[in-house]
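Q: Structure below; questions to follow.
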Amino acid sequence: MSSSPILISNITCARRGKDLFAPISITLNDGETLILRGENGSGKSTLLRTLAGLIPSTLNTHHSSLYLGHTNALHPSLTVHEHLDFWRGLQSSRALPNSEILLMLSLREHATKHASHLSNGLKRRLAFARLLLHPAKLWLLDEPQAALDKNALHILLNLISDHASQGGISIIASHDDLSIAGAQTLTLQAATMSTKQ
């Protein structure tokens, strides 16, 4: 991955013509993680979607990004293995074989199951496969821990840690306390913004 910081300068997001939070500026260096906090409706998801380019803006981070939202974007009639093949065919992918991805996500025994037969936690784990398939400097994760049990949460935290160790950067919207060493916190508020490390 390229060794350069991600600079986000004086950005805000609006809904129905009204700013959701005061303008913020963010600098994230290789290997850093930022946790977004704020009440429901404070703009966390909108900010992530803007950074991902899903909402029109003049922002350009000059870095590849991968967005994982609230929904898992699964097709009920495809098996776990077929999802991996489908995602792999959409864009440039790592050479990491499906068997290794399934092992990393503890999904090997579910490889032939259709998505419609998976629990919510297993569906969420399957969605994480996109993080392993497609190389991206910036991960944008919206409540990624939703529906995860303790073991699955451990898998998620390991993925984020491994990404950081390779110089990757993550911005994560979460209401929960995630045990990520050295993570910064950004709290979105209507009129002011506070950060802590």
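A note on labels: chains of the structure tokens are A, B, ... as shown, every chain counts residues from 1, and ligands are counted from 1 in their shown order.
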Show which residues sit within 7 Å of segment 81-92 of chain A, as a list in words. Count only C-alpha atoms, and ignore same-chain residues fewer than 4 positions away.

A: Asn98, Ala111, Thr112, Leu133 and His134 of chain A

Q: Using all heavy atoms, can you export the residues from the last selection as a short mmCIF file (atom, residue, chain, number, x, y, z; two decimals), in the first residue's frame?

A:
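As a result, selection_1.cif now contains:
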data_model
loop_
_atom_site.label_atom_id
_atom_site.label_comp_id
_atom_site.auth_asym_id
_atom_site.auth_seq_id
_atom_site.Cartn_x
_atom_site.Cartn_y
_atom_site.Cartn_z
N ASN A 98 -10.10 -18.83 -1.99
CA ASN A 98 -11.34 -18.90 -1.22
C ASN A 98 -11.20 -19.75 0.03
O ASN A 98 -11.74 -19.41 1.09
CB ASN A 98 -12.46 -19.46 -2.09
CG ASN A 98 -12.95 -18.47 -3.13
OD1 ASN A 98 -12.48 -17.33 -3.19
ND2 ASN A 98 -13.88 -18.90 -3.96
N ALA A 111 -19.59 -23.34 3.70
CA ALA A 111 -19.27 -22.93 2.32
C ALA A 111 -20.37 -23.24 1.31
O ALA A 111 -20.57 -22.47 0.36
CB ALA A 111 -17.96 -23.57 1.88
N THR A 112 -21.11 -24.33 1.49
CA THR A 112 -22.13 -24.71 0.52
C THR A 112 -23.53 -24.28 0.92
O THR A 112 -24.49 -24.58 0.22
CB THR A 112 -22.12 -26.24 0.31
OG1 THR A 112 -22.36 -26.90 1.57
CG2 THR A 112 -20.77 -26.71 -0.23
N LEU A 133 -10.86 -9.80 -0.02
CA LEU A 133 -10.77 -10.03 -1.46
C LEU A 133 -10.20 -8.83 -2.21
O LEU A 133 -9.41 -9.00 -3.15
CB LEU A 133 -12.16 -10.34 -2.03
CG LEU A 133 -12.64 -11.79 -1.86
CD1 LEU A 133 -14.12 -11.89 -2.19
CD2 LEU A 133 -11.83 -12.72 -2.76
N HIS A 134 -10.60 -7.64 -1.82
CA HIS A 134 -10.27 -6.45 -2.61
C HIS A 134 -9.34 -5.53 -1.84
O HIS A 134 -9.72 -4.98 -0.81
CB HIS A 134 -11.55 -5.71 -3.01
CG HIS A 134 -12.52 -6.56 -3.76
ND1 HIS A 134 -12.20 -7.17 -4.95
CD2 HIS A 134 -13.79 -6.94 -3.48
CE1 HIS A 134 -13.24 -7.86 -5.38
NE2 HIS A 134 -14.20 -7.75 -4.51
#

Q: Please return as a list of chain:residue names: the residues of segment 5-52 of chain A that backbone DSSP assigns to strand (DSSP E or B).

A: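 Listing strand (DSSP E or B) positions across segment 5-52 of chain A yields A:Ile6, A:Leu7, A:Ile8, A:Ser9, A:Asn10, A:Ile11, A:Ala14, A:Arg15, A:Lys18, A:Asp19, A:Ile24, A:Ser25, A:Ile26, A:Thr27, A:Leu28, A:Thr33, A:Leu34, A:Ile35, A:Leu36, A:Arg37.
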
Q: Those residues you just picked out, can you put them in a file as a compact mmCIF listing (two decimals), in the first residue's frame with all heavy atoms?

A:
# COMPACT_ATOMS: atom_id res chain seq x y z
N ILE A 6 -3.97 10.12 4.93
CA ILE A 6 -5.26 10.48 4.36
C ILE A 6 -5.68 11.79 5.00
O ILE A 6 -5.77 11.90 6.23
CB ILE A 6 -6.30 9.37 4.61
CG1 ILE A 6 -5.99 8.17 3.70
CG2 ILE A 6 -7.71 9.87 4.35
CD1 ILE A 6 -6.91 7.01 3.86
N LEU A 7 -5.91 12.80 4.17
CA LEU A 7 -6.24 14.14 4.64
C LEU A 7 -7.67 14.46 4.24
O LEU A 7 -8.02 14.42 3.06
CB LEU A 7 -5.29 15.17 4.02
CG LEU A 7 -3.79 14.91 4.21
CD1 LEU A 7 -2.97 15.94 3.44
CD2 LEU A 7 -3.42 14.93 5.69
N ILE A 8 -8.50 14.76 5.21
CA ILE A 8 -9.88 15.15 4.97
C ILE A 8 -10.06 16.52 5.59
O ILE A 8 -9.96 16.68 6.81
CB ILE A 8 -10.86 14.13 5.60
CG1 ILE A 8 -10.62 12.73 4.99
CG2 ILE A 8 -12.30 14.56 5.37
CD1 ILE A 8 -11.29 11.63 5.75
N SER A 9 -10.26 17.53 4.76
CA SER A 9 -10.22 18.91 5.23
C SER A 9 -11.58 19.58 5.20
O SER A 9 -12.25 19.61 4.16
CB SER A 9 -9.23 19.72 4.38
OG SER A 9 -9.17 21.05 4.80
N ASN A 10 -12.01 20.06 6.37
CA ASN A 10 -13.17 20.95 6.49
C ASN A 10 -14.42 20.37 5.83
O ASN A 10 -15.10 21.02 5.05
CB ASN A 10 -12.84 22.31 5.86
CG ASN A 10 -13.69 23.42 6.43
OD1 ASN A 10 -13.96 23.45 7.63
ND2 ASN A 10 -14.10 24.35 5.58
N ILE A 11 -14.72 19.12 6.16
CA ILE A 11 -15.87 18.45 5.55
C ILE A 11 -17.06 18.47 6.50
O ILE A 11 -16.91 18.38 7.72
CB ILE A 11 -15.54 16.99 5.16
CG1 ILE A 11 -16.71 16.36 4.42
CG2 ILE A 11 -15.14 16.17 6.38
CD1 ILE A 11 -16.42 14.96 3.89
N ALA A 14 -24.75 17.21 4.82
CA ALA A 14 -26.05 17.86 4.99
C ALA A 14 -27.18 16.88 4.68
O ALA A 14 -27.02 15.95 3.90
CB ALA A 14 -26.16 19.08 4.10
N ARG A 15 -28.30 17.12 5.33
CA ARG A 15 -29.53 16.37 5.04
C ARG A 15 -30.67 17.38 4.97
O ARG A 15 -30.86 18.17 5.89
CB ARG A 15 -29.79 15.32 6.12
CG ARG A 15 -31.04 14.46 5.85
CD ARG A 15 -31.29 13.47 6.97
NE ARG A 15 -30.21 12.52 7.09
CZ ARG A 15 -29.69 12.12 8.24
NH1 ARG A 15 -30.13 12.64 9.38
NH2 ARG A 15 -28.70 11.24 8.26
N LYS A 18 -29.64 20.93 5.63
CA LYS A 18 -29.15 21.29 6.96
C LYS A 18 -27.91 20.47 7.30
O LYS A 18 -27.91 19.25 7.16
CB LYS A 18 -30.24 21.05 8.01
CG LYS A 18 -29.81 21.42 9.42
CD LYS A 18 -30.93 21.15 10.41
CE LYS A 18 -30.50 21.50 11.83
NZ LYS A 18 -31.57 21.20 12.83
N ASP A 19 -26.85 21.16 7.74
CA ASP A 19 -25.63 20.45 8.12
C ASP A 19 -25.90 19.52 9.30
O ASP A 19 -26.58 19.90 10.26
CB ASP A 19 -24.52 21.44 8.50
CG ASP A 19 -23.94 22.16 7.29
OD1 ASP A 19 -24.17 21.71 6.15
OD2 ASP A 19 -23.25 23.17 7.50
N ILE A 24 -15.36 19.29 9.93
CA ILE A 24 -14.27 18.60 10.60
C ILE A 24 -13.11 18.39 9.64
O ILE A 24 -13.29 18.35 8.42
CB ILE A 24 -14.71 17.23 11.17
CG1 ILE A 24 -15.23 16.32 10.04
CG2 ILE A 24 -15.75 17.40 12.26
CD1 ILE A 24 -15.55 14.93 10.48
N SER A 25 -11.94 18.27 10.19
CA SER A 25 -10.74 17.95 9.42
C SER A 25 -10.05 16.77 10.09
O SER A 25 -9.95 16.72 11.32
CB SER A 25 -9.79 19.15 9.36
OG SER A 25 -10.38 20.22 8.66
N ILE A 26 -9.62 15.82 9.28
CA ILE A 26 -9.04 14.58 9.79
C ILE A 26 -7.73 14.30 9.05
O ILE A 26 -7.67 14.43 7.83
CB ILE A 26 -9.99 13.38 9.58
CG1 ILE A 26 -11.38 13.64 10.20
CG2 ILE A 26 -9.39 12.10 10.14
CD1 ILE A 26 -12.43 12.64 9.73
N THR A 27 -6.71 13.93 9.79
CA THR A 27 -5.48 13.42 9.19
C THR A 27 -5.21 12.04 9.79
O THR A 27 -5.10 11.90 11.00
CB THR A 27 -4.28 14.35 9.48
OG1 THR A 27 -4.55 15.64 8.93
CG2 THR A 27 -3.01 13.78 8.85
N LEU A 28 -5.14 11.04 8.94
CA LEU A 28 -4.88 9.67 9.39
C LEU A 28 -3.64 9.14 8.67
O LEU A 28 -3.58 9.16 7.43
CB LEU A 28 -6.08 8.77 9.10
CG LEU A 28 -7.35 9.09 9.89
CD1 LEU A 28 -8.53 8.28 9.36
CD2 LEU A 28 -7.14 8.79 11.37
N THR A 33 -6.43 3.94 13.07
CA THR A 33 -7.85 3.62 13.08
C THR A 33 -8.60 4.75 13.77
O THR A 33 -8.18 5.24 14.81
CB THR A 33 -8.12 2.30 13.81
OG1 THR A 33 -7.45 1.24 13.14
CG2 THR A 33 -9.61 1.99 13.85
N LEU A 34 -9.72 5.16 13.18
CA LEU A 34 -10.56 6.21 13.75
C LEU A 34 -11.95 5.64 14.01
O LEU A 34 -12.56 5.06 13.13
CB LEU A 34 -10.67 7.39 12.78
CG LEU A 34 -11.57 8.54 13.22
CD1 LEU A 34 -10.96 9.29 14.41
CD2 LEU A 34 -11.82 9.51 12.06
N ILE A 35 -12.42 5.80 15.25
CA ILE A 35 -13.77 5.37 15.62
C ILE A 35 -14.69 6.59 15.60
O ILE A 35 -14.42 7.58 16.29
CB ILE A 35 -13.80 4.74 17.04
CG1 ILE A 35 -12.75 3.63 17.16
CG2 ILE A 35 -15.21 4.20 17.33
CD1 ILE A 35 -12.97 2.44 16.28
N LEU A 36 -15.76 6.52 14.81
CA LEU A 36 -16.76 7.59 14.78
C LEU A 36 -17.84 7.30 15.80
O LEU A 36 -18.39 6.20 15.83
CB LEU A 36 -17.40 7.68 13.39
CG LEU A 36 -16.54 8.16 12.23
CD1 LEU A 36 -17.38 8.15 10.95
CD2 LEU A 36 -15.99 9.54 12.49
N ARG A 37 -18.15 8.28 16.61
CA ARG A 37 -19.22 8.15 17.59
C ARG A 37 -20.20 9.30 17.41
O ARG A 37 -19.91 10.31 16.79
CB ARG A 37 -18.66 8.15 19.01
CG ARG A 37 -17.75 6.96 19.30
CD ARG A 37 -17.65 6.73 20.80
NE ARG A 37 -16.76 5.64 21.10
CZ ARG A 37 -17.08 4.36 21.00
NH1 ARG A 37 -18.28 4.02 20.57
NH2 ARG A 37 -16.21 3.42 21.29

Q: So, with only C-alpha atoms as the atoms that count, which of A:Gly43, A:Gln184, A:Leu156, A:Ser64 lies closest to Pro23 of chain A?

A: A:Gly43

Q: Grab the atom CA of Ala22 of chain A to atom CA of Arg49 of chain A distance for me, in Å with one decimal place.

A: 17.1 Å

Q: Rank A:Arg108, A:Lys123, A:Lys113, A:Arg16 by their smallest atom-to-atom distance to Ala146 of chain A, using only C-alpha atoms, and report the top residue only.

A: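 Among the listed residues, A:Lys123 lies closest to Ala146 of chain A.
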
Q: Could you pull the residues within 7 Å of Leu68 of chain A, counting only C-alpha atoms, minus those fewer than 2 positions along the same chain, as JSON, numbers by chain?

A: {"A": [66, 140, 141, 142]}

Q: Residues as selected, N, CA and C atoms, written as a tab-separated table (two decimals), in the first residue's frame, can you do that?

A:
chain	number	residue	atom	x	y	z
A	66	LEU	N	-12.85	0.90	0.61
A	66	LEU	CA	-13.82	-0.17	0.59
A	66	LEU	C	-14.84	0.11	1.69
A	140	LEU	N	-13.93	1.65	5.30
A	140	LEU	CA	-15.01	2.45	5.87
A	140	LEU	C	-16.09	1.49	6.35
A	141	LEU	N	-16.17	1.31	7.67
A	141	LEU	CA	-17.00	0.26	8.25
A	141	LEU	C	-18.10	0.86	9.11
A	142	ASP	N	-19.35	0.56	8.77
A	142	ASP	CA	-20.50	1.11	9.48
A	142	ASP	C	-21.10	0.05	10.40

Q: Can you pull out every residue within 10 Å of segment 159-174 of chain A, counting only C-alpha atoms, but drop anything in the same chain fewer than 5 positions away, and send it as a ChimeraX atom specification?

A: /A:1-6,28-38,43-45,47-48,51,65-69,104-105,128,131-132,135-146,153-154,180-181,183-187
